[in-house]
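coords.txt (compact mmCIF, C-alpha atoms) appears below.
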```txt
# COMPACT_ATOMS: atom_id res chain seq x y z
CA MET V 1 -9.83 -0.47 -24.32
CA PHE V 2 -9.48 -3.59 -22.16
CA ALA V 3 -10.10 -2.97 -18.45
CA VAL V 4 -10.79 -4.76 -15.17
CA TYR V 5 -13.79 -3.19 -13.48
CA ALA V 6 -16.51 -3.46 -10.86
CA GLU V 7 -19.97 -3.84 -12.39
CA SER V 8 -21.83 -4.58 -9.14
CA PHE V 9 -21.24 -5.02 -5.41
CA ASP V 10 -21.49 -8.14 -3.26
CA PRO V 11 -20.24 -7.93 0.35
CA ASP V 12 -20.11 -11.71 0.70
CA ASN V 13 -18.87 -12.71 -2.76
CA PRO V 14 -16.91 -9.71 -4.05
CA LEU V 15 -15.66 -11.42 -7.20
CA ALA V 16 -19.24 -11.78 -8.44
CA GLY V 17 -19.16 -8.17 -9.63
CA LEU V 18 -15.72 -8.36 -11.25
CA VAL V 19 -15.71 -7.96 -15.04
CA LEU V 20 -12.85 -8.21 -17.53
CA GLY V 21 -13.87 -6.50 -20.75
CA GLU V 22 -14.01 -3.38 -22.87
CA ARG V 23 -14.50 0.16 -21.57
CA PRO V 24 -14.39 3.49 -23.44
CA ASP V 25 -10.96 5.05 -23.90
CA PRO V 26 -10.43 7.79 -21.30
CA VAL V 27 -10.22 11.41 -22.45
CA ALA V 28 -7.77 13.56 -20.49
CA PRO V 29 -9.10 17.01 -19.51
CA ASP V 30 -6.85 20.07 -19.36
CA GLY V 31 -4.00 19.55 -16.93
CA TRP V 32 -4.29 15.76 -17.11
CA THR V 33 -2.29 13.21 -19.09
CA THR V 34 -2.92 9.74 -20.47
CA VAL V 35 -0.60 6.93 -19.36
CA GLU V 36 -0.35 3.74 -21.41
CA VAL V 37 -0.30 1.11 -18.66
CA LYS V 38 2.44 -1.51 -18.87
CA ALA V 39 1.88 -2.99 -15.40
CA ALA V 40 -0.64 -2.49 -12.59
CA SER V 41 -0.64 -4.01 -9.12
CA LEU V 42 -3.46 -5.28 -6.92
CA ASN V 43 -4.37 -4.03 -3.44
CA HIS V 44 -6.87 -5.09 -0.79
CA HIS V 45 -8.55 -1.77 -1.64
CA ASP V 46 -9.68 -3.33 -4.93
CA VAL V 47 -11.38 -6.27 -3.21
CA TRP V 48 -13.07 -3.89 -0.75
CA SER V 49 -14.32 -1.83 -3.69
CA LEU V 50 -16.02 -4.95 -5.04
CA ARG V 51 -17.70 -5.33 -1.65
CA GLY V 52 -19.11 -1.81 -2.03
CA VAL V 53 -16.79 -0.08 0.46
CA GLY V 54 -16.00 3.50 -0.62
CA LEU V 55 -18.09 3.34 -3.79
CA LYS V 56 -21.73 4.10 -4.58
CA GLN V 57 -23.98 2.33 -7.04
CA GLU V 58 -24.17 5.39 -9.30
CA GLN V 59 -20.37 5.33 -9.76
CA LEU V 60 -20.46 1.94 -11.46
CA PRO V 61 -18.98 0.63 -13.62
CA MET V 62 -15.66 1.60 -12.01
CA ILE V 63 -12.30 0.48 -13.34
CA LEU V 64 -10.31 -0.90 -10.39
CA GLY V 65 -6.70 -0.34 -9.42
CA CYS V 66 -4.68 2.42 -7.76
CA ASP V 67 -1.19 1.46 -8.92
CA ALA V 68 0.35 1.58 -12.37
CA ALA V 69 3.52 2.19 -14.33
CA GLY V 70 3.75 2.83 -18.04
CA LEU V 71 4.44 5.39 -20.74
CA ASP V 72 3.24 8.99 -20.74
CA GLU V 73 2.11 10.82 -23.88
CA ASP V 74 5.74 11.64 -24.77
CA GLY V 75 6.89 8.04 -24.40
CA ASN V 76 8.60 8.59 -21.03
CA GLU V 77 8.61 5.72 -18.54
CA VAL V 78 6.63 6.82 -15.48
CA VAL V 79 5.10 5.69 -12.20
CA VAL V 80 1.57 6.90 -11.43
CA HIS V 81 0.88 8.60 -8.10
CA ALA V 82 -2.54 7.37 -6.96
CA VAL V 83 -3.62 10.22 -4.66
CA ILE V 84 -5.75 12.73 -6.57
CA SER V 85 -6.03 16.03 -4.70
CA ASP V 86 -8.29 18.98 -5.40
CA PRO V 87 -6.84 21.28 -8.10
CA SER V 88 -6.86 24.17 -5.63
CA TRP V 89 -4.96 22.24 -2.95
CA SER V 90 -1.32 23.03 -2.19
CA GLY V 91 1.03 21.22 0.16
CA ASP V 92 0.79 17.65 1.46
CA GLU V 93 -2.05 16.13 -0.55
CA THR V 94 -2.73 13.46 2.09
CA PHE V 95 -4.24 16.22 4.25
CA ASP V 96 -6.61 17.41 1.52
CA PRO V 97 -10.15 16.58 2.77
CA LYS V 98 -11.26 16.27 -0.87
CA ARG V 99 -8.51 13.84 -1.88
CA SER V 100 -9.31 10.44 -3.34
CA LEU V 101 -7.49 7.44 -4.73
CA LEU V 102 -7.69 6.27 -8.30
CA SER V 103 -10.73 3.95 -8.62
CA GLU V 104 -12.72 5.96 -6.05
CA ARG V 105 -13.90 9.11 -7.88
CA HIS V 106 -11.78 8.62 -10.99
CA GLN V 107 -11.46 5.49 -13.12
CA GLY V 108 -8.65 3.21 -11.98
CA ALA V 109 -5.44 1.81 -13.37
CA ILE V 110 -6.02 -1.88 -14.20
CA ALA V 111 -6.61 -1.08 -17.84
CA GLU V 112 -4.77 -0.36 -21.05
CA LYS V 113 -4.85 3.37 -20.26
CA VAL V 114 -5.38 5.60 -17.24
CA ILE V 115 -5.68 9.38 -16.99
CA VAL V 116 -4.22 11.38 -14.09
CA PRO V 117 -3.23 14.98 -13.37
CA ARG V 118 0.14 15.79 -14.98
CA ARG V 119 1.64 16.37 -11.54
CA ASN V 120 0.76 12.75 -10.65
CA VAL V 121 3.46 11.11 -12.75
CA VAL V 122 6.96 10.38 -11.46
CA PRO V 123 9.87 9.37 -13.72
CA LYS V 124 10.67 5.65 -13.57
CA PRO V 125 14.40 4.86 -13.50
CA ALA V 126 15.73 2.51 -16.17
CA SER V 127 17.04 0.22 -13.42
CA MET V 128 13.48 -0.68 -12.38
CA SER V 129 11.06 -2.84 -14.35
CA PHE V 130 7.48 -1.76 -15.00
CA GLU V 131 6.33 -4.65 -12.80
CA GLU V 132 8.47 -3.45 -9.89
CA ALA V 133 7.46 0.18 -10.35
CA ALA V 134 3.76 -0.72 -10.39
CA CYS V 135 4.09 -2.05 -6.83
CA LEU V 136 5.09 1.33 -5.37
CA PRO V 137 2.23 3.87 -5.40
CA THR V 138 0.06 2.41 -2.61
CA ALA V 139 1.63 -0.24 -0.35
CA TRP V 140 5.24 0.84 -0.78
CA LEU V 141 4.51 4.55 -0.53
CA THR V 142 2.44 3.88 2.60
CA ALA V 143 5.41 2.01 4.11
CA TYR V 144 7.89 4.74 3.16
CA ARG V 145 5.80 7.46 4.82
CA MET V 146 5.24 5.32 7.93
CA LEU V 147 8.95 4.71 8.44
CA PHE V 148 10.62 7.92 7.43
CA THR V 149 8.09 10.79 7.43
CA ARG V 150 5.70 9.96 10.25
CA GLY V 151 7.98 7.59 12.15
CA GLU V 152 11.14 9.70 11.60
CA LEU V 153 13.24 6.55 11.90
CA LYS V 154 16.93 6.48 11.06
CA ALA V 155 19.75 3.99 10.63
CA GLY V 156 20.42 2.09 13.86
CA ASP V 157 16.86 2.28 15.19
CA THR V 158 14.98 -0.94 15.95
CA VAL V 159 11.55 -1.45 14.41
CA LEU V 160 8.92 -4.16 14.80
CA VAL V 161 6.75 -4.96 11.77
CA GLN V 162 3.52 -6.74 12.66
CA GLY V 163 1.86 -9.22 10.29
CA ALA V 164 4.59 -10.11 7.81
CA GLY V 165 3.19 -11.16 4.45
CA GLY V 166 0.89 -8.31 3.52
CA GLY V 167 1.93 -5.81 0.87
CA VAL V 168 2.63 -2.95 3.30
CA ALA V 169 4.37 -5.19 5.85
CA THR V 170 6.60 -6.68 3.15
CA ALA V 171 7.53 -3.19 1.96
CA LEU V 172 8.23 -2.11 5.54
CA ILE V 173 10.70 -4.95 6.07
CA ILE V 174 12.59 -4.36 2.82
CA LEU V 175 12.71 -0.56 3.16
CA ALA V 176 13.69 -0.63 6.84
CA ARG V 177 16.54 -3.05 6.16
CA ALA V 178 17.72 -0.98 3.17
CA ALA V 179 17.80 2.11 5.41
CA GLY V 180 19.98 0.45 8.07
CA LEU V 181 17.34 -0.25 10.69
CA ARG V 182 17.26 -3.37 12.86
CA VAL V 183 14.10 -5.18 11.77
CA LEU V 184 11.95 -7.58 13.81
CA ALA V 185 8.83 -9.10 12.29
CA THR V 186 5.90 -11.25 13.40
CA SER V 187 3.48 -13.61 11.71
CA ARG V 188 1.13 -16.41 12.75
CA ASP V 189 2.38 -18.40 9.77
CA GLU V 190 5.70 -20.25 9.95
CA GLY V 191 6.19 -20.00 6.19
CA LYS V 192 5.67 -16.25 6.21
CA ARG V 193 8.14 -15.86 9.08
CA ALA V 194 10.73 -17.72 7.01
CA ARG V 195 10.04 -15.48 4.01
CA ALA V 196 10.37 -12.39 6.23
CA LEU V 197 13.90 -13.49 7.12
CA GLU V 198 14.70 -14.00 3.45
CA ILE V 199 13.68 -10.45 2.51
CA GLY V 200 15.56 -8.69 5.29
CA ALA V 201 14.14 -9.17 8.78
CA HIS V 202 16.90 -9.76 11.35
CA GLU V 203 14.63 -11.81 13.65
CA VAL V 204 11.10 -13.18 13.38
CA PHE V 205 8.60 -14.23 16.02
CA GLU V 206 5.18 -15.77 16.34
CA SER V 207 2.43 -13.17 16.68
CA GLY V 208 2.20 -12.06 20.31
CA ALA V 209 5.51 -13.64 21.35
CA ARG V 210 7.63 -11.95 23.99
CA LEU V 211 10.48 -10.08 22.32
CA PRO V 212 14.08 -10.16 23.58
CA LEU V 213 14.28 -6.34 23.58
CA LYS V 214 12.12 -3.24 23.49
CA VAL V 215 11.87 -1.50 20.13
CA ASP V 216 12.01 2.16 19.11
CA ALA V 217 8.93 1.90 16.92
CA VAL V 218 6.22 -0.51 15.80
CA MET V 219 4.71 -0.42 12.32
CA GLU V 220 1.09 -1.46 12.76
CA THR V 221 -1.29 -2.44 9.96
CA VAL V 222 -3.21 -5.24 11.70
CA GLY V 223 -5.03 -3.42 14.50
CA ARG V 224 -7.08 -5.25 17.10
CA ALA V 225 -5.25 -8.61 16.93
CA THR V 226 -1.78 -7.14 17.55
CA TRP V 227 -2.41 -3.80 19.28
CA SER V 228 -1.65 -4.85 22.86
CA HIS V 229 1.50 -6.67 21.76
CA SER V 230 2.60 -3.60 19.80
CA ILE V 231 2.21 -1.29 22.78
CA ARG V 232 4.02 -3.69 25.12
CA ALA V 233 6.90 -4.08 22.64
CA LEU V 234 7.85 -0.39 22.81
CA ARG V 235 10.62 1.17 24.87
CA PRO V 236 9.66 4.19 27.03
CA GLY V 237 9.16 7.12 24.66
CA GLY V 238 8.68 4.79 21.69
CA LYS V 239 6.16 5.25 18.93
CA ILE V 240 3.58 3.19 17.11
CA VAL V 241 2.74 4.19 13.54
CA ILE V 242 -0.58 2.85 12.30
CA SER V 243 -1.86 2.85 8.72
CA GLY V 244 -4.48 0.10 8.79
CA THR V 245 -6.65 -2.22 10.85
CA THR V 246 -7.02 -5.41 8.84
CA SER V 247 -8.18 -7.38 11.89
CA GLY V 248 -10.86 -4.84 12.80
CA PRO V 249 -10.99 -1.27 14.15
CA GLN V 250 -12.39 -1.94 17.62
CA LEU V 251 -10.03 -2.56 20.56
CA ASP V 252 -10.78 -4.64 23.64
CA ASP V 253 -8.09 -2.76 25.56
CA ALA V 254 -6.40 0.36 24.18
CA GLU V 255 -3.57 0.10 26.77
CA LEU V 256 -4.13 3.76 27.67
CA THR V 257 -2.39 3.49 31.04
CA ARG V 258 0.75 2.07 29.46
CA ILE V 259 0.64 4.72 26.71
CA PHE V 260 0.63 7.69 29.08
CA PHE V 261 2.85 6.19 31.76
CA LEU V 262 5.60 5.28 29.27
CA GLN V 263 4.97 8.45 27.22
CA LEU V 264 4.39 6.51 24.03
CA SER V 265 3.37 8.18 20.78
CA VAL V 266 0.54 6.84 18.62
CA ILE V 267 0.87 8.22 15.08
CA GLY V 268 -1.55 7.83 12.20
CA SER V 269 -0.28 7.61 8.63
CA THR V 270 -2.14 7.52 5.32
CA MET V 271 -0.66 6.91 1.86
CA GLY V 272 1.94 9.51 0.84
CA THR V 273 2.72 12.47 -1.35
CA ARG V 274 3.96 12.74 -4.91
CA ASP V 275 7.32 13.98 -3.59
CA GLU V 276 7.57 11.02 -1.20
CA LEU V 277 6.88 8.68 -4.12
CA ALA V 278 9.73 10.33 -6.03
CA SER V 279 12.01 9.91 -2.98
CA LEU V 280 10.98 6.26 -2.64
CA VAL V 281 11.80 5.62 -6.31
CA SER V 282 15.19 7.32 -5.85
CA MET V 283 15.92 5.28 -2.72
CA LEU V 284 15.25 2.00 -4.51
CA ASP V 285 17.28 3.10 -7.52
CA ALA V 286 20.22 3.97 -5.24
CA THR V 287 20.10 0.96 -2.90
CA GLY V 288 19.07 -1.76 -5.33
CA ALA V 289 16.25 -2.82 -3.00
CA ARG V 290 13.20 -3.97 -4.94
CA PRO V 291 9.56 -4.84 -4.26
CA LEU V 292 8.79 -8.48 -3.65
CA ILE V 293 6.43 -9.71 -6.35
CA ASP V 294 4.32 -12.69 -5.33
CA ARG V 295 3.25 -13.32 -8.92
CA ALA V 296 2.94 -11.51 -12.26
CA ILE V 297 -0.18 -12.34 -14.27
CA PRO V 298 -1.36 -11.14 -17.68
CA MET V 299 -4.05 -8.50 -17.22
CA THR V 300 -6.42 -10.69 -19.22
CA ASP V 301 -6.15 -13.29 -16.41
CA ALA V 302 -6.68 -10.75 -13.61
CA ARG V 303 -9.46 -12.81 -12.00
CA ASP V 304 -6.80 -15.32 -10.88
CA GLY V 305 -5.02 -12.56 -8.95
CA PHE V 306 -8.22 -11.34 -7.32
CA GLU V 307 -9.04 -14.89 -6.24
CA ALA V 308 -5.59 -15.29 -4.67
CA MET V 309 -5.89 -12.03 -2.75
CA ALA V 310 -9.43 -12.75 -1.59
CA GLY V 311 -8.21 -16.13 -0.34
CA GLY V 312 -5.20 -14.67 1.49
CA ASP V 313 -2.74 -16.73 -0.58
CA VAL V 314 -0.23 -13.90 -1.05
CA PHE V 315 3.25 -12.87 0.12
CA GLY V 316 4.25 -9.63 -1.58
CA LYS V 317 2.52 -7.98 -4.51
CA ILE V 318 0.31 -9.35 -7.28
CA VAL V 319 1.07 -7.57 -10.56
CA PHE V 320 -0.91 -7.54 -13.80
CA THR V 321 1.10 -7.10 -17.00
CA ARG V 322 0.39 -6.08 -20.59
```
Translate the structure described by the file into structure tokens.
Amino acid sequence: MFAVYAESFDPDNPLAGLVLGERPDPVAPDGWTTVEVKAASLNHHDVWSLRGVGLKQEQLPMILGCDAAGLDEDGNEVVVHAVISDPSWSGDETFDPKRSLLSERHQGAIAEKVIVPRRNVVPKPASMSFEEAACLPTAWLTAYRMLFTRGELKAGDTVLVQGAGGGVATALIILARAAGLRVLATSRDEGKRARALEIGAHEVFESGARLPLKVDAVMETVGRATWSHSIRALRPGGKIVISGTTSGPQLDDAELTRIFFLQLSVIGSTMGTRDELASLVSMLDATGARPLIDRAIPMTDARDGFEAMAGGDVFGKIVFTR
């Protein structure tokens, strides 16, 4: 089958190890199912994999991609849940210490076929295209869990989304607006601020700008570059939900005094569960909100998408189609 895979690692030139070519058809073990991929989306995770982060040499070649939508063995339209938990695990799979994402221990989804545990498929509603559905399992599920499970936000709350433009930040803006939250967003880029308004932000600001009001919660995926601003943007008793540190994990000033004095909550969030993915799909089906797709590219031209992501030339999701 045709697949997009990592053949080698290069921390400085990740695309050097990217190969588009043939791989053996996957064989589903007991309890697993084969999904014929109709669309798969790209994540920063895939570029990091090509740098050698999270993978070992002996695991190569590794088909890339966490996110896919397609047809199961019975011809049903499905979305693939990317978190693979241990067969013995019960409950929230994001807490399973043995969990992994597709393309870490198991071959990934940017291919003609992918195999996953049967419990890892969610019905795709007819109202949603394969391209839209393929955007959901990583960035959009991460955003859903940040807002509604870990953040416990509800209609009428005010939320600040840092770093508009990235896949998770874009999802946060659209989902928060669809759920009736007041949405503020920041970006260093004037064009990305304008796009944030178009997709649902009520107000946008330059990164680090003083806000006209204190917010109930901040959704943080940037880390070091925005951390102090995030803490200072919160009302007393507010919360910051963090799912990533794209600008680096180290902090010059953790703002600990402000955190304890204002009784702020710092909440970590990672991916999401199969049930949360099903709820996300239902929410989008009911509200009509849809993922923002930066571009859809034939899977055979996947290198173009990787180059765009590596260069930072993205607003929304890059999707590969078959």
Which residue out of V:Lys56, V:Lys113, V:Arg274, V:Arg295 has the minimum interatomic distance to V:Val83 when only C-alpha atoms are used?
V:Arg274
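Nearest to V:Asp92 of all the residues V:Arg145, V:Ser228, V:Val168, V:Arg51 is V:Arg145, counting all atoms listed in the file.
Proximity ranking of V:Ile174, V:Met271, V:Val222, V:Leu264 relative to V:Leu284 places V:Ile174 first, based on all atoms listed in the file.
Nearest-residue note for V:Glu22: choosing from V:Glu220, V:Asp67, V:Glu77, V:Glu112, the minimum distance belongs to V:Glu112, counting all atoms listed in the file.
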Applying 8 Å and all atoms listed in the file, which residues near V:Pro14 remain after dropping the ones on its own chain fewer than 4 positions away? List them as a compact mmCIF listing (two decimals) with C-alpha atoms, in the coordinates of the input.
```txt
# COMPACT_ATOMS: atom_id res chain seq x y z
CA PHE V 9 -21.24 -5.02 -5.41
CA ASP V 10 -21.49 -8.14 -3.26
CA LEU V 18 -15.72 -8.36 -11.25
CA VAL V 47 -11.38 -6.27 -3.21
CA TRP V 48 -13.07 -3.89 -0.75
CA LEU V 50 -16.02 -4.95 -5.04
CA ARG V 51 -17.70 -5.33 -1.65
```
With a distance cut-off of 8 Å and all atoms listed in the file, select the neighbouring residues of V:Met219, excluding the residue or stretch itself and same-chain residues fewer than 4 positions from it, and output the selection as a PyMOL selection string.
chain V and resi 146-147+159-162+172+240-242
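Distances to V:Ala139 were evaluated for V:Ile318, V:Val19, V:Leu262, V:Ile115 using only C-alpha atoms, and the minimum falls at V:Ile318.
If you measure from each of V:Val53, V:Ile110, V:Ala201, V:Val80 to V:Gly21 using all atoms listed in the file, the closest one turns out to be V:Ile110.
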What lies within 8 Å of stretch 203-213 of chain V using only C-alpha atoms, ignoring chain neighbours under 4 positions off, as a PyMOL selection string?
chain V and resi 162-163+183-190+193-194+196-197+226+229+233
Output C-alpha atoms for every residue in the selection just made, as a JSON list (two decimals), keeping the file's coordinate frame.
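Written output follows (again-v4.json):
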```json
[["chain", "number", "residue", "atom", "x", "y", "z"],
["V", 162, "GLN", "CA", 3.52, -6.74, 12.66],
["V", 163, "GLY", "CA", 1.86, -9.22, 10.29],
["V", 183, "VAL", "CA", 14.10, -5.18, 11.77],
["V", 184, "LEU", "CA", 11.95, -7.58, 13.81],
["V", 185, "ALA", "CA", 8.83, -9.10, 12.29],
["V", 186, "THR", "CA", 5.90, -11.25, 13.40],
["V", 187, "SER", "CA", 3.48, -13.61, 11.71],
["V", 188, "ARG", "CA", 1.13, -16.41, 12.75],
["V", 189, "ASP", "CA", 2.38, -18.40, 9.77],
["V", 190, "GLU", "CA", 5.70, -20.25, 9.95],
["V", 193, "ARG", "CA", 8.14, -15.86, 9.08],
["V", 194, "ALA", "CA", 10.73, -17.72, 7.01],
["V", 196, "ALA", "CA", 10.37, -12.39, 6.23],
["V", 197, "LEU", "CA", 13.90, -13.49, 7.12],
["V", 226, "THR", "CA", -1.78, -7.14, 17.55],
["V", 229, "HIS", "CA", 1.50, -6.67, 21.76],
["V", 233, "ALA", "CA", 6.90, -4.08, 22.64]]
```
Hey, can you check how far atom CA of V:Ser49 sits from atom CA of V:Ala111?
16.1 Å
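Here atom CA of V:Ile293 is placed at a distance of 13.0 Å from atom CA of V:Met309.
Distance-wise, atom CA of V:Ala217 and atom CA of V:Ala254 end up 17.0 Å apart.
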Contacts of V:Pro123 at 10 Å or less, counting only C-alpha atoms, minus same-chain residues fewer than 3 places along, as a PyMOL selection string?
chain V and resi 69-72+76-80+126+278+281-282
